[in-house]
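Notes to accompany the following structure.
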Amino acid sequence: MTALENVEHGVIVKLEYTLQIEDEMVESTDEEGPIEFLQGYGEIIPGLEAALYGMQIGQEKDVTVDPEDGYGEYDGEAFEEVPLEIFPEDMDLSLGMPVELYDEDADETVEGFIAEIRTDTVMVDLNHPLAGETLNFHVKVVGLRPATPEELEHGHAHGEDGHDHDE
């Protein structure tokens, strides 16, 4: 078996990155360590994933991702007014606070942020917090390894020991 030399579809990529919007640092792997994901399976935003193909271990580059290839354009209609009573009484609601709502039609949980607290209702913004933003990444590939058959079947990385820690 030969060592993987380039980022390609279906390999596990270990990546260090920093993310800036304009001149403000938004995220970095400096504290938590590199992220690990299955390349080509949509685990990371499309614009960043596309820019990684062909990179080698140790290689660094700057990647600019426009909103349509990142977290999408900001949708001024993506708000949901929900009854205040659905939140636990002891929950201290605040503006910008992340909340999860269950969408019965789609049978899934959606994430949002409290945009406004009214007398009997709460307005929840369902846009991703980085929607509409141009994202400036500095990335460094720090590891590549073959994906296990299980990882390929599940469509995501399971961690260095090959086990799925999310389930």
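Residue numbering restarts at 1 in every chain; chains get A, B, ... in the order shown in the structure tokens, and ligands count up from 1 in that same order.
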
Residues at most 7 Å from A:Ala78, counting only C-alpha atoms, excluding those fewer than 3 positions away in the same chain, as a ChimeraX atom specification? /A:75,125-127

Please give the complete set of residues from stretch 26-73 of chain A that DSSP, run on the backbone, assigns to helix (DSSP H, G or I), formatted as a ChimeraX atom specification. /A:46-52,67-69

Requested write-out: N, CA and C atoms of the selected residues, as an mmCIF file, in the first residue's frame:
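Output file out-v8.cif follows:
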data_model
loop_
_atom_site.group_PDB
_atom_site.id
_atom_site.type_symbol
_atom_site.label_atom_id
_atom_site.label_comp_id
_atom_site.auth_asym_id
_atom_site.auth_seq_id
_atom_site.Cartn_x
_atom_site.Cartn_y
_atom_site.Cartn_z
ATOM 1 N N PRO A 46 -18.818 23.507 0.624
ATOM 2 C CA PRO A 46 -18.376 23.132 -0.725
ATOM 3 C C PRO A 46 -17.186 23.926 -1.257
ATOM 4 N N GLY A 47 -17.156 25.229 -1.009
ATOM 5 C CA GLY A 47 -16.071 26.048 -1.542
ATOM 6 C C GLY A 47 -14.726 25.693 -0.953
ATOM 7 N N LEU A 48 -14.704 25.339 0.313
ATOM 8 C CA LEU A 48 -13.441 24.944 0.953
ATOM 9 C C LEU A 48 -13.051 23.545 0.499
ATOM 10 N N GLU A 49 -14.020 22.642 0.465
ATOM 11 C CA GLU A 49 -13.736 21.272 0.048
ATOM 12 C C GLU A 49 -13.133 21.237 -1.361
ATOM 13 N N ALA A 50 -13.709 22.005 -2.283
ATOM 14 C CA ALA A 50 -13.218 22.028 -3.666
ATOM 15 C C ALA A 50 -11.780 22.534 -3.744
ATOM 16 N N ALA A 51 -11.429 23.502 -2.888
ATOM 17 C CA ALA A 51 -10.095 24.104 -2.932
ATOM 18 C C ALA A 51 -9.003 23.174 -2.399
ATOM 19 N N LEU A 52 -9.384 22.132 -1.674
ATOM 20 C CA LEU A 52 -8.391 21.248 -1.056
ATOM 21 C C LEU A 52 -7.883 20.157 -1.991
ATOM 22 N N PRO A 67 -20.297 33.488 -0.458
ATOM 23 C CA PRO A 67 -21.460 32.944 0.268
ATOM 24 C C PRO A 67 -22.138 31.751 -0.408
ATOM 25 N N GLU A 68 -22.283 31.778 -1.744
ATOM 26 C CA GLU A 68 -22.988 30.672 -2.402
ATOM 27 C C GLU A 68 -22.245 29.340 -2.290
ATOM 28 N N ASP A 69 -20.928 29.383 -2.036
ATOM 29 C CA ASP A 69 -20.153 28.155 -1.838
ATOM 30 C C ASP A 69 -19.816 27.935 -0.368
#

Based on the backbone DSSP call, show me all residues of chain A assigned strand (DSSP E), as a PyMOL selection string. chain A and resi 11-21+24-28+35-38+60-65+79-83+98-103+108-117+121-125+135-146

Who sits within 9 Å of A:Val13, only C-alpha atoms, same chain under 5 positions skipped, as number ranges by chain: A: 7-8, 35-39, 141-146, 157

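Remark: for A:Asp120, the closest of the candidate residues A:Glu104, A:Glu85, A:Glu31, A:Asp23 is A:Glu85 (distances computed over only C-alpha atoms).
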
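Computed from the coordinates, the atom CA of A:His158 to atom CA of A:Tyr102 distance equals 26.4 Å.
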
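For the choices A:Glu116, A:Pro129, A:Gln20, A:Pro149, the atom-to-atom distance to A:Asp62 is smallest for A:Gln20 when using only C-alpha atoms.
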
Counting only C-alpha atoms, what is within 9 Å of A:Thr18, bar same-chain residues fewer than 2 positions away, as a PDB file with C-alpha atoms, in the first residue's frame?
ATOM      1  CA  GLU A  16      -5.596  23.026  10.445  1.00  0.00           C
ATOM      2  CA  GLN A  20     -11.498  35.334   9.065  1.00  0.00           C
ATOM      3  CA  MET A  25     -10.808  36.059  13.405  1.00  0.00           C
ATOM      4  CA  VAL A  26     -13.925  33.863  13.595  1.00  0.00           C
ATOM      5  CA  GLU A  27     -12.617  30.318  14.082  1.00  0.00           C
ATOM      6  CA  SER A  28      -9.318  28.539  14.424  1.00  0.00           C
ATOM      7  CA  THR A  29      -8.082  25.035  15.097  1.00  0.00           C
ATOM      8  CA  ASP A  30      -5.270  26.420  17.294  1.00  0.00           C
ATOM      9  CA  ASN A 136     -11.280  33.847   4.219  1.00  0.00           C
ATOM     10  CA  PHE A 137      -9.562  30.633   5.225  1.00  0.00           C
ATOM     11  CA  HIS A 138      -5.902  29.880   5.739  1.00  0.00           C
ATOM     12  CA  VAL A 139      -5.563  26.103   5.594  1.00  0.00           C
TER      13      VAL A 139
END

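Taking only C-alpha atoms into account, A:Asn6 lies nearest to A:Met55 out of the set A:Glu24, A:Val122, A:Glu32, A:Met55.
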
Closest of A:Ile21, A:Ile12, A:Ala147, A:Ala115 to A:Glu80 - atom-to-atom distances counting only C-alpha atoms: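 The shortest atom-to-atom distance to A:Glu80 comes from A:Ala115.
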